[in-house]
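Visitor: Sharing structure_19.csv here; it has CSV, C-alpha atoms.
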chain,number,residue,atom,x,y,z
A,1,MET,CA,-1.9,-29.4,-8.8
A,2,ALA,CA,-4.0,-27.2,-6.5
A,3,LEU,CA,-1.5,-24.3,-7.2
A,4,LEU,CA,-1.8,-24.8,-10.9
A,5,LEU,CA,-5.6,-24.8,-10.7
A,6,ASN,CA,-5.4,-21.6,-8.7
A,7,ALA,CA,-3.3,-20.0,-11.5
A,8,PHE,CA,-6.1,-21.0,-14.0
A,9,ALA,CA,-8.7,-19.8,-11.5
A,10,HIS,CA,-6.9,-16.4,-11.4
A,11,PHE,CA,-7.3,-16.1,-15.1
A,12,PHE,CA,-11.0,-16.9,-14.9
A,13,VAL,CA,-11.7,-14.7,-11.9
A,14,ASP,CA,-10.2,-11.7,-13.5
A,15,ALA,CA,-11.9,-12.4,-16.8
A,16,ILE,CA,-15.3,-12.8,-15.2
A,17,SER,CA,-14.8,-9.7,-13.1
A,18,VAL,CA,-14.0,-7.5,-16.1
A,19,THR,CA,-16.8,-9.1,-18.1
A,20,THR,CA,-19.3,-8.3,-15.3
A,21,VAL,CA,-18.3,-4.6,-15.3
A,22,PHE,CA,-18.7,-4.5,-19.1
A,23,SER,CA,-21.9,-6.4,-19.4
A,24,ALA,CA,-23.7,-5.2,-16.2
A,25,GLY,CA,-25.6,-2.6,-18.2
A,26,PHE,CA,-23.8,0.6,-17.4
A,27,ARG,CA,-24.3,3.6,-19.6
A,28,GLU,CA,-21.4,5.6,-21.0
A,29,ASN,CA,-21.4,8.1,-18.2
A,30,THR,CA,-21.6,5.5,-15.4
A,31,LEU,CA,-19.2,3.0,-16.8
A,32,ALA,CA,-16.0,4.9,-15.8
A,33,LEU,CA,-17.4,5.3,-12.3
A,34,ALA,CA,-18.0,1.6,-12.2
A,35,VAL,CA,-14.4,1.0,-13.3
A,36,VAL,CA,-13.0,3.3,-10.6
A,37,LEU,CA,-15.2,1.6,-8.0
A,38,TYR,CA,-14.1,-1.9,-9.2
A,39,ASN,CA,-10.4,-1.1,-9.2
A,40,THR,CA,-10.6,0.6,-5.8
A,41,LEU,CA,-12.4,-2.2,-4.1
A,42,ALA,CA,-10.6,-5.0,-5.8
A,43,PHE,CA,-7.1,-3.7,-5.1
A,44,SER,CA,-7.2,-1.4,-2.1
A,45,THR,CA,-9.0,-3.9,0.1
A,46,GLN,CA,-6.5,-6.7,-0.4
A,47,CYS,CA,-4.2,-5.5,2.5
A,48,LEU,CA,-7.1,-5.5,4.9
A,49,ILE,CA,-8.3,-8.9,3.7
A,50,GLY,CA,-4.7,-10.2,4.0
A,51,LEU,CA,-4.6,-9.0,7.6
A,52,LEU,CA,-7.8,-11.0,8.4
A,53,LEU,CA,-6.8,-14.0,6.4
A,54,ASP,CA,-3.5,-14.5,8.2
A,55,ARG,CA,-5.5,-14.9,11.4
A,56,TRP,CA,-7.9,-17.4,9.9
A,57,LYS,CA,-5.2,-19.9,8.7
A,58,HIS,CA,-7.5,-21.7,6.2
A,59,PRO,CA,-7.2,-19.8,3.0
A,60,MET,CA,-8.8,-22.5,0.8
A,61,HIS,CA,-12.2,-21.7,2.3
A,62,PHE,CA,-11.9,-18.1,1.3
A,63,ASP,CA,-10.4,-19.0,-2.1
A,64,ILE,CA,-13.5,-21.1,-3.0
A,65,ALA,CA,-15.9,-18.6,-1.4
A,66,ALA,CA,-14.3,-15.9,-3.5
A,67,MET,CA,-14.8,-17.8,-6.7
A,68,LEU,CA,-18.4,-18.4,-5.8
A,69,ALA,CA,-18.8,-14.6,-5.1
A,70,VAL,CA,-17.4,-13.8,-8.5
A,71,ILE,CA,-19.7,-16.3,-10.3
A,72,LEU,CA,-22.7,-14.9,-8.3
A,73,GLY,CA,-21.7,-11.3,-9.1
A,74,PHE,CA,-21.8,-12.2,-12.8
A,75,ALA,CA,-24.9,-14.3,-12.7
A,76,LEU,CA,-27.4,-12.7,-10.3
A,77,PRO,CA,-29.9,-10.2,-11.7
A,78,LEU,CA,-28.9,-7.4,-9.3
A,79,PRO,CA,-28.5,-3.7,-9.9
A,80,PRO,CA,-25.3,-3.0,-11.9
A,81,PHE,CA,-23.3,-1.3,-9.0
A,82,CYS,CA,-24.2,-4.2,-6.6
A,83,ARG,CA,-22.8,-6.7,-9.1
A,84,VAL,CA,-19.6,-4.6,-9.4
A,85,ILE,CA,-19.2,-4.5,-5.6
A,86,ILE,CA,-19.7,-8.3,-5.3
A,87,VAL,CA,-17.2,-9.2,-8.1
A,88,SER,CA,-14.6,-6.7,-6.9
A,89,LEU,CA,-14.7,-7.9,-3.3
A,90,GLY,CA,-14.7,-11.5,-4.6
A,91,ASN,CA,-11.8,-10.7,-6.8
A,92,SER,CA,-9.9,-9.1,-3.9
A,93,LEU,CA,-10.6,-12.1,-1.6
A,94,PHE,CA,-9.5,-14.5,-4.3
A,95,HIS,CA,-6.2,-12.8,-4.9
A,96,VAL,CA,-5.3,-12.8,-1.3
A,97,ALA,CA,-6.5,-16.3,-0.6
A,98,GLY,CA,-4.8,-17.7,-3.7
A,99,GLY,CA,-1.7,-15.7,-3.0
A,100,THR,CA,-1.6,-17.0,0.5
A,101,MET,CA,-2.0,-20.6,-0.6
A,102,THR,CA,0.8,-20.1,-3.1
A,103,LEU,CA,3.2,-18.5,-0.6
A,104,GLN,CA,2.4,-21.1,2.0
A,105,ASN,CA,3.6,-23.8,-0.4
A,106,SER,CA,6.3,-22.0,-2.2
A,107,ARG,CA,9.2,-23.4,-0.1
A,108,GLY,CA,10.8,-20.0,-0.3
A,109,LYS,CA,10.9,-20.0,-4.1
A,110,ALA,CA,9.5,-17.2,-6.2
A,111,TRP,CA,8.6,-19.1,-9.4
A,112,MET,CA,5.2,-20.2,-8.0
A,113,LEU,CA,4.3,-16.6,-7.3
A,114,GLY,CA,5.1,-15.7,-10.9
A,115,VAL,CA,3.0,-18.5,-12.2
A,116,PHE,CA,0.1,-17.5,-9.9
A,117,VAL,CA,0.1,-13.8,-10.7
A,118,ALA,CA,0.8,-13.9,-14.4
A,119,PRO,CA,-2.5,-15.3,-15.8
A,120,GLY,CA,-4.5,-12.4,-14.4
A,121,ALA,CA,-3.2,-10.2,-17.1
A,122,PHE,CA,-4.7,-12.5,-19.8
A,123,GLY,CA,-8.0,-12.6,-17.8
A,124,VAL,CA,-8.3,-8.8,-17.8
A,125,THR,CA,-7.6,-8.7,-21.5
A,126,LEU,CA,-10.0,-11.5,-22.4
A,127,GLY,CA,-12.7,-9.9,-20.3
A,128,THR,CA,-12.2,-6.6,-22.0
A,129,ALA,CA,-12.1,-7.9,-25.5
A,130,TYR,CA,-14.7,-10.7,-25.3
A,131,PRO,CA,-17.3,-9.9,-22.5
A,132,VAL,CA,-19.7,-12.4,-24.3
A,133,LEU,CA,-17.8,-15.4,-22.9
A,134,GLY,CA,-19.0,-14.9,-19.3
A,135,TRP,CA,-21.0,-18.1,-18.8
A,136,TYR,CA,-18.3,-20.3,-20.3
A,137,LEU,CA,-15.8,-18.6,-17.9
A,138,CYS,CA,-18.1,-19.2,-15.0
A,139,ALA,CA,-18.4,-22.9,-15.8
A,140,ALA,CA,-14.6,-23.2,-16.1
A,141,LEU,CA,-14.1,-21.4,-12.8
A,142,ALA,CA,-16.6,-23.7,-11.0
A,143,LEU,CA,-14.5,-26.7,-12.3
A,144,CYS,CA,-11.4,-25.1,-10.9
A,145,ALA,CA,-13.1,-24.6,-7.5
A,146,VAL,CA,-14.0,-28.3,-7.4
A,147,GLY,CA,-10.5,-29.3,-8.3
A,148,ILE,CA,-9.0,-27.0,-5.6
A,149,ALA,CA,-11.4,-28.4,-3.0
A,150,TYR,CA,-10.2,-31.9,-3.9
A,151,TYR,CA,-6.5,-31.3,-4.3
A,152,TRP,CA,-5.6,-28.7,-1.7
A,153,PRO,CA,-6.2,-30.9,1.4
A,154,ARG,CA,-3.8,-33.4,-0.1
A,155,THR,CA,-1.1,-30.7,-0.6
A,156,PRO,CA,1.7,-30.8,2.0
A,157,MET,CA,2.1,-27.5,3.9
A,158,THR,CA,5.5,-25.8,4.0
A,159,LEU,CA,4.6,-22.6,5.9
A,160,GLU,CA,5.8,-23.7,9.3
A,161,LEU,CA,9.1,-24.8,7.9
A,162,ARG,CA,9.6,-21.4,6.3
A,163,TYR,CA,8.5,-19.5,9.4
A,164,GLU,CA,11.1,-21.2,11.6
A,165,ASP,CA,13.8,-20.6,9.1
A,166,LEU,CA,13.0,-16.9,8.8
A,167,GLN,CA,11.9,-15.9,12.3
A,168,ARG,CA,13.5,-12.6,13.3
A,169,GLU,CA,14.0,-10.9,16.6
A,170,LYS,CA,13.4,-7.5,15.1
A,171,LEU,CA,10.6,-6.6,12.7
A,172,PRO,CA,12.0,-5.2,9.4
A,173,LEU,CA,9.4,-2.4,9.4
A,174,GLY,CA,11.5,0.0,7.3
A,175,THR,CA,12.2,-2.6,4.7
A,176,ILE,CA,8.5,-3.5,4.4
A,177,ILE,CA,7.5,0.2,4.0
A,178,LEU,CA,10.3,0.7,1.4
A,179,LEU,CA,9.2,-2.3,-0.6
A,180,THR,CA,5.5,-1.3,-0.5
A,181,ALA,CA,6.4,2.2,-1.5
A,182,ALA,CA,8.6,0.8,-4.3
A,183,VAL,CA,5.6,-1.1,-5.7
A,184,ALA,CA,3.5,2.1,-5.7
A,185,VAL,CA,6.3,4.3,-7.2
A,186,ARG,CA,7.0,1.7,-9.9
A,187,ALA,CA,3.3,1.8,-10.8
A,188,VAL,CA,3.5,5.6,-11.2
A,189,GLY,CA,6.3,5.2,-13.7
A,190,GLY,CA,4.3,2.5,-15.5
A,191,ALA,CA,1.1,4.6,-15.6
A,192,VAL,CA,2.5,7.9,-16.8
A,193,VAL,CA,3.5,6.5,-20.2
A,194,SER,CA,0.9,6.0,-22.9
A,195,PHE,CA,1.7,3.9,-26.0
A,196,SER,CA,0.5,5.3,-29.2
A,197,TRP,CA,0.6,1.9,-30.9
A,198,LYS,CA,-1.8,0.3,-28.4
A,199,SER,CA,-5.0,-0.2,-30.4
A,200,GLY,CA,-6.9,-3.2,-31.5
A,201,SER,CA,-7.4,-6.5,-29.7
A,202,GLY,CA,-4.5,-8.3,-31.5
A,203,ILE,CA,-2.0,-5.8,-30.1
A,204,LEU,CA,-3.7,-5.9,-26.7
A,205,PHE,CA,-3.2,-9.7,-26.6
A,206,LEU,CA,0.4,-9.3,-27.8
A,207,LEU,CA,1.2,-6.8,-25.0
A,208,THR,CA,-0.5,-9.1,-22.5
A,209,ALA,CA,1.6,-12.0,-23.7
A,210,PHE,CA,4.8,-10.0,-23.0
A,211,VAL,CA,3.5,-8.9,-19.5
A,212,PHE,CA,2.6,-12.6,-18.8
A,213,ALA,CA,6.0,-13.8,-19.9
A,214,GLY,CA,7.7,-11.2,-17.8
A,215,LYS,CA,5.9,-12.2,-14.6
A,216,VAL,CA,6.5,-15.9,-15.1
A,217,ALA,CA,10.1,-15.5,-16.1
A,218,GLY,CA,10.7,-13.0,-13.2
A,219,GLY,CA,9.9,-15.7,-10.6
A,220,PHE,CA,12.2,-18.3,-12.2
A,221,LEU,CA,15.0,-15.7,-12.6
A,222,CYS,CA,14.7,-14.6,-9.0
A,223,ASP,CA,15.2,-18.2,-7.9
A,224,ARG,CA,18.1,-18.7,-10.3
A,225,LEU,CA,20.0,-15.4,-10.0
A,226,GLY,CA,18.6,-13.9,-6.8
A,227,ALA,CA,16.4,-10.8,-6.3
A,228,GLY,CA,19.1,-8.2,-6.7
A,229,LYS,CA,20.6,-9.6,-9.9
A,230,THR,CA,17.2,-10.1,-11.5
A,231,ALA,CA,16.3,-6.4,-10.7
A,232,LEU,CA,19.7,-5.2,-12.0
A,233,LEU,CA,19.1,-7.2,-15.2
A,234,SER,CA,15.6,-5.9,-15.8
A,235,ILE,CA,14.8,-2.5,-14.3
A,236,PRO,CA,17.5,-0.3,-15.8
A,237,LEU,CA,16.8,-1.5,-19.3
A,238,ALA,CA,13.1,-1.4,-18.7
A,239,ALA,CA,13.4,2.2,-17.6
A,240,VAL,CA,15.3,3.2,-20.8
A,241,LEU,CA,12.9,1.4,-23.1
A,242,THR,CA,9.8,2.7,-21.4
A,243,ALA,CA,11.0,6.3,-21.0
A,244,PHE,CA,12.6,6.8,-24.4
A,245,PHE,CA,10.8,4.5,-26.9
A,246,PRO,CA,7.1,4.5,-26.1
A,247,GLY,CA,6.4,5.0,-29.8
A,248,ASN,CA,8.3,1.9,-30.8
A,249,MET,CA,6.1,-1.1,-30.4
A,250,LEU,CA,8.8,-3.8,-30.3
A,251,LEU,CA,11.0,-1.9,-27.8
A,252,SER,CA,8.0,-1.0,-25.7
A,253,LEU,CA,6.9,-4.6,-25.5
A,254,LEU,CA,10.4,-5.6,-24.5
A,255,GLY,CA,10.3,-2.9,-21.9
A,256,GLN,CA,7.0,-4.2,-20.5
A,257,LEU,CA,8.5,-7.7,-20.3
A,258,LEU,CA,11.5,-6.5,-18.4
A,259,LEU,CA,9.5,-4.3,-16.1
A,260,ASN,CA,7.3,-7.2,-15.2
A,261,LEU,CA,10.3,-9.4,-14.4
A,262,SER,CA,10.7,-7.4,-11.2
A,263,MET,CA,7.0,-7.8,-10.1
A,264,PRO,CA,7.3,-11.3,-8.5
A,265,VAL,CA,10.6,-10.2,-7.0
A,266,THR,CA,9.1,-7.4,-4.9
A,267,LEU,CA,6.3,-9.7,-3.9
A,268,TRP,CA,8.7,-12.4,-2.9
A,269,LEU,CA,10.9,-10.0,-0.9
A,270,LEU,CA,7.8,-8.7,1.0
A,271,TYR,CA,7.1,-12.3,1.9
A,272,GLU,CA,10.7,-12.8,3.0
A,273,ALA,CA,10.2,-9.8,5.3
A,274,MET,CA,7.0,-11.1,6.9
A,275,PRO,CA,7.0,-14.9,6.4
A,276,ASP,CA,4.3,-15.6,9.0
A,277,GLU,CA,2.0,-13.1,7.3
A,278,PRO,CA,1.6,-14.3,3.7
A,279,GLY,CA,-1.8,-12.7,3.2
A,280,LEU,CA,-0.7,-9.3,4.3
A,281,ALA,CA,2.5,-9.6,2.2
A,282,PHE,CA,0.5,-10.3,-0.9
A,283,GLY,CA,-2.2,-7.8,0.0
A,284,LEU,CA,0.2,-4.9,0.7
A,285,ALA,CA,1.9,-5.4,-2.7
A,286,ALA,CA,-1.4,-5.5,-4.5
A,287,SER,CA,-3.0,-2.6,-2.6
A,288,ALA,CA,0.1,-0.4,-3.3
A,289,LEU,CA,-0.4,-0.8,-7.0
A,290,TRP,CA,-3.7,1.1,-7.2
A,291,PRO,CA,-2.6,4.5,-5.6
A,292,GLY,CA,0.5,4.4,-7.7
A,293,THR,CA,-1.5,3.9,-10.9
A,294,VAL,CA,-4.0,6.6,-10.0
A,295,ALA,CA,-1.2,9.0,-9.3
A,296,GLY,CA,0.3,8.2,-12.7
A,297,MET,CA,-3.1,8.8,-14.4
A,298,LEU,CA,-3.4,12.2,-12.8
A,299,PHE,CA,-0.3,13.6,-14.6
A,300,GLN,CA,0.0,14.3,-18.2
A,301,LEU,CA,3.8,14.4,-18.6
A,302,THR,CA,5.8,14.8,-21.8
A,303,GLY,CA,9.4,15.2,-22.8
A,304,THR,CA,12.0,15.5,-20.0
A,305,ALA,CA,9.4,15.4,-17.2
A,306,LEU,CA,8.1,12.1,-18.6
A,307,TRP,CA,11.6,10.6,-18.9
A,308,GLY,CA,12.6,11.9,-15.5
A,309,CYS,CA,9.5,10.4,-13.8
A,310,VAL,CA,10.0,7.0,-15.4
A,311,ILE,CA,13.8,6.9,-14.6
A,312,VAL,CA,13.4,8.1,-11.1
A,313,SER,CA,10.5,5.8,-10.2
A,314,PHE,CA,12.2,2.7,-11.7
A,315,ALA,CA,15.5,3.6,-10.0
A,316,PHE,CA,13.7,3.9,-6.7
A,317,CYS,CA,12.3,0.4,-7.2
A,318,LEU,CA,15.7,-1.0,-8.0
A,319,PHE,CA,17.2,0.7,-4.9
A,320,ALA,CA,14.4,-0.8,-2.7
A,321,ILE,CA,15.0,-4.3,-4.0
A,322,LEU,CA,18.8,-4.2,-3.5
A,323,PHE,CA,18.3,-2.6,-0.1
A,324,ALA,CA,15.7,-5.3,1.0
A,325,GLU,CA,17.8,-8.1,-0.3
A,326,LYS,CA,20.8,-7.0,1.7
A,327,LYS,CA,18.8,-6.1,4.8
A,328,LEU,CA,16.8,-9.3,4.9
A,329,GLY,CA,19.9,-11.5,4.5
A,330,VAL,CA,18.6,-13.2,1.4
A,331,ILE,CA,22.0,-13.5,-0.2
A,332,GLU,CA,23.5,-15.2,2.8
A,333,ARG,CA,20.7,-17.7,3.0
A,334,ARG,CA,21.0,-18.5,-0.7
A,335,LYS,CA,24.7,-19.2,-0.2
A,336,ARG,CA,23.9,-21.5,2.7
A,337,GLY,CA,21.6,-23.3,0.4
B,338,MET,CA,1.9,-2.6,-15.7
B,339,LYS,CA,-1.2,-0.5,-16.0
B,340,LEU,CA,-2.6,-2.5,-18.8
B,341,ALA,CA,-1.9,-5.8,-17.2
B,342,LEU,CA,-3.8,-5.1,-14.0
B,343,PHE,CA,-6.3,-2.3,-14.4
B,344,PHE,CA,-8.9,-1.1,-16.7
B,345,PRO,CA,-7.5,1.7,-18.8
B,346,ILE,CA,-10.1,4.2,-17.6
B,347,ALA,CA,-9.3,7.0,-20.0
B,348,ASP,CA,-9.2,4.5,-23.0
B,349,VAL,CA,-12.6,2.9,-22.2
B,350,VAL,CA,-14.7,6.0,-21.8
B,351,ALA,CA,-13.5,9.3,-23.1
B,352,GLY,CA,-15.7,11.9,-21.5
B,353,PRO,CA,-16.7,10.9,-17.9
B,354,MET,CA,-15.2,13.9,-16.1
B,355,ILE,CA,-16.8,12.9,-12.8
B,356,ALA,CA,-14.7,9.7,-12.7
B,357,ILE,CA,-11.6,11.6,-13.5
B,358,ALA,CA,-12.5,14.2,-10.9
B,359,LEU,CA,-12.9,11.4,-8.3
B,360,LEU,CA,-9.4,10.1,-8.8
B,361,PRO,CA,-7.6,12.4,-6.3
B,362,ILE,CA,-10.1,11.2,-3.6
B,363,VAL,CA,-9.6,7.6,-4.7
B,364,LEU,CA,-5.8,8.2,-4.4
B,365,ILE,CA,-6.0,9.5,-0.9
B,366,LEU,CA,-8.4,6.8,0.2
B,367,ALA,CA,-6.2,4.1,-1.3
B,368,VAL,CA,-3.1,5.4,0.5
B,369,VAL,CA,-5.0,5.7,3.8
B,370,ILE,CA,-6.2,2.1,3.5
B,371,VAL,CA,-2.7,0.8,2.9
B,372,ALA,CA,-1.3,2.9,5.8
B,373,ALA,CA,-4.1,1.7,8.1
B,374,ALA,CA,-3.5,-1.9,7.3
B,375,PHE,CA,0.2,-1.6,7.9
B,376,LEU,CA,-0.3,0.3,11.2
B,377,ILE,CA,-2.8,-2.3,12.5
B,378,TRP,CA,-0.4,-5.1,11.6
B,379,ALA,CA,2.6,-3.3,13.2
B,380,ILE,CA,0.7,-2.7,16.4
B,381,LEU,CA,-0.6,-6.3,16.6
B,382,LYS,CA,2.8,-7.6,15.9
B,383,LYS,CA,4.5,-5.5,18.6
B,384,ARG,CA,1.9,-6.5,21.1
B,385,LYS,CA,2.5,-10.2,20.2
B,386,GLN,CA,6.2,-9.8,20.6
B,387,LYS,CA,5.9,-8.3,24.0
Could the structure of this file be written out as structure tokens, please?

Guide:
Amino acid sequence: MALLLNAFAHFFVDAISVTTVFSAGFRENTLALAVVLYNTLAFSTQCLIGLLLDRWKHPMHFDIAAMLAVILGFALPLPPFCRVIIVSLGNSLFHVAGGTMTLQNSRGKAWMLGVFVAPGAFGVTLGTAYPVLGWYLCAALALCAVGIAYYWPRTPMTLELRYEDLQREKLPLGTIILLTAAVAVRAVGGAVVSFSWKSGSGILFLLTAFVFAGKVAGGFLCDRLGAGKTALLSIPLAAVLTAFFPGNMLLSLLGQLLLNLSMPVTLWLLYEAMPDEPGLAFGLAASALWPGTVAGMLFQLTGTALWGCVIVSFAFCLFAILFAEKKLGVIERRKRG
Amino acid sequence: MKLALFFPIADVVAGPMIAIALLPIVLILAVVIVAAAFLIWAILKKRKQK
């Protein structure tokens, strides 16, 4: 129950954060700066917060503190940039704390991760399209916080069990670096493509629904088929659809769904590589997304260069997943049951 | 991916060149933060193992 509430809270936290940026009172020339500041603080700090959180061992405290910070960032009559800083750091803290709680209780399964990360996409879209809903979202988030404070202490922990099962003599440093790089490189491939059909809130919600479905399904598929097979099923086709059919709405939507199938897979593999550091595993994956996306925004590619960039970046991600799966011995453990 | 997680900067505001000009600095900063976190963790971990 606490994990389900955290998934709902993820939706509200992202929606309130985006709402705050849009309703804080920025003028046209400062809004983009606020957006860059928000994304940088909300994403890049997650690895550092993860590092700290793994040493604290009580993620629920941070989870609830983060929700409070996001509500205060929205509600307090502070200067706009102060509000953006508060919500972005609150957002970052919430992601890592919520992700840690999810990983601690995932029993080695990926589906919980998918369910936790997916609602954020809807939160961002709702906050972008309807920033007037801020107060209602805050009330809903406060209810989630109360629910989590009640249910979480009653949730049995599974972290120790996983840690003993996965303890390794040697640190898989190379695999962790490769997976982190794969997340960033995949984000480059996703960011260089622009969709000409993407206009209007209806289309925005439709696209978000496909992204949401991809992330949720990715977790379940990873549990059912394994990380490698899920990646093989999704990434090559996602690359073709994203690279060659950005003008076709239906095919692009399918491409986004397939691309997002691999998202919980990389996150889950990172956790498999560092099972006693769930906060850092989650934080590294999230932090790697932002530089990848920024790099993708800096290039205006067309034609062969665009196709090449998408294909190569997605192929690198596929290679990283297959390599990590083999190196971490995930297949053998699955066979052992 | 971009749409699901980030504000689409260029779509929201068309002309803020200063924000676009900042992107390379943001990129370097973001990479440095990830690398620093990873290094700190690796050092702490190695020490713990010894």

Visitor: Would you mind listing, for every residue of chain A within 6 Å of chain B, the two atoms forming the shortest contact and the distance between them in Å to one decimal, using only C-alpha atoms, sorted by chain and ascending residue number, as CSV?

Guide:
residue,atom,partner,partner_atom,distance
A:Asn29,CA,B:Pro353,CA,5.5
A:Ala32,CA,B:Ala356,CA,5.9
A:Leu33,CA,B:Ala356,CA,5.2
A:Ser44,CA,B:Ala367,CA,5.6
A:Leu48,CA,B:Ala374,CA,5.6
A:Ala121,CA,B:Ala341,CA,4.6
A:Gly190,CA,B:Met338,CA,5.6
A:Ala191,CA,B:Lys339,CA,5.6
A:Pro291,CA,B:Leu364,CA,5.0

Visitor: Give me, please, the distance in Å between CA of Gly147 (chain A) and CA of Ala110 (chain A), quoted to one decimal.

Guide: 23.5 Å

Visitor: Out of A:Gly219, A:Phe62, A:Arg224, A:Ser313, which residue has the shortest atom-to-atom distance to Ser106 (chain A) when counting only C-alpha atoms?

Guide: A:Gly219
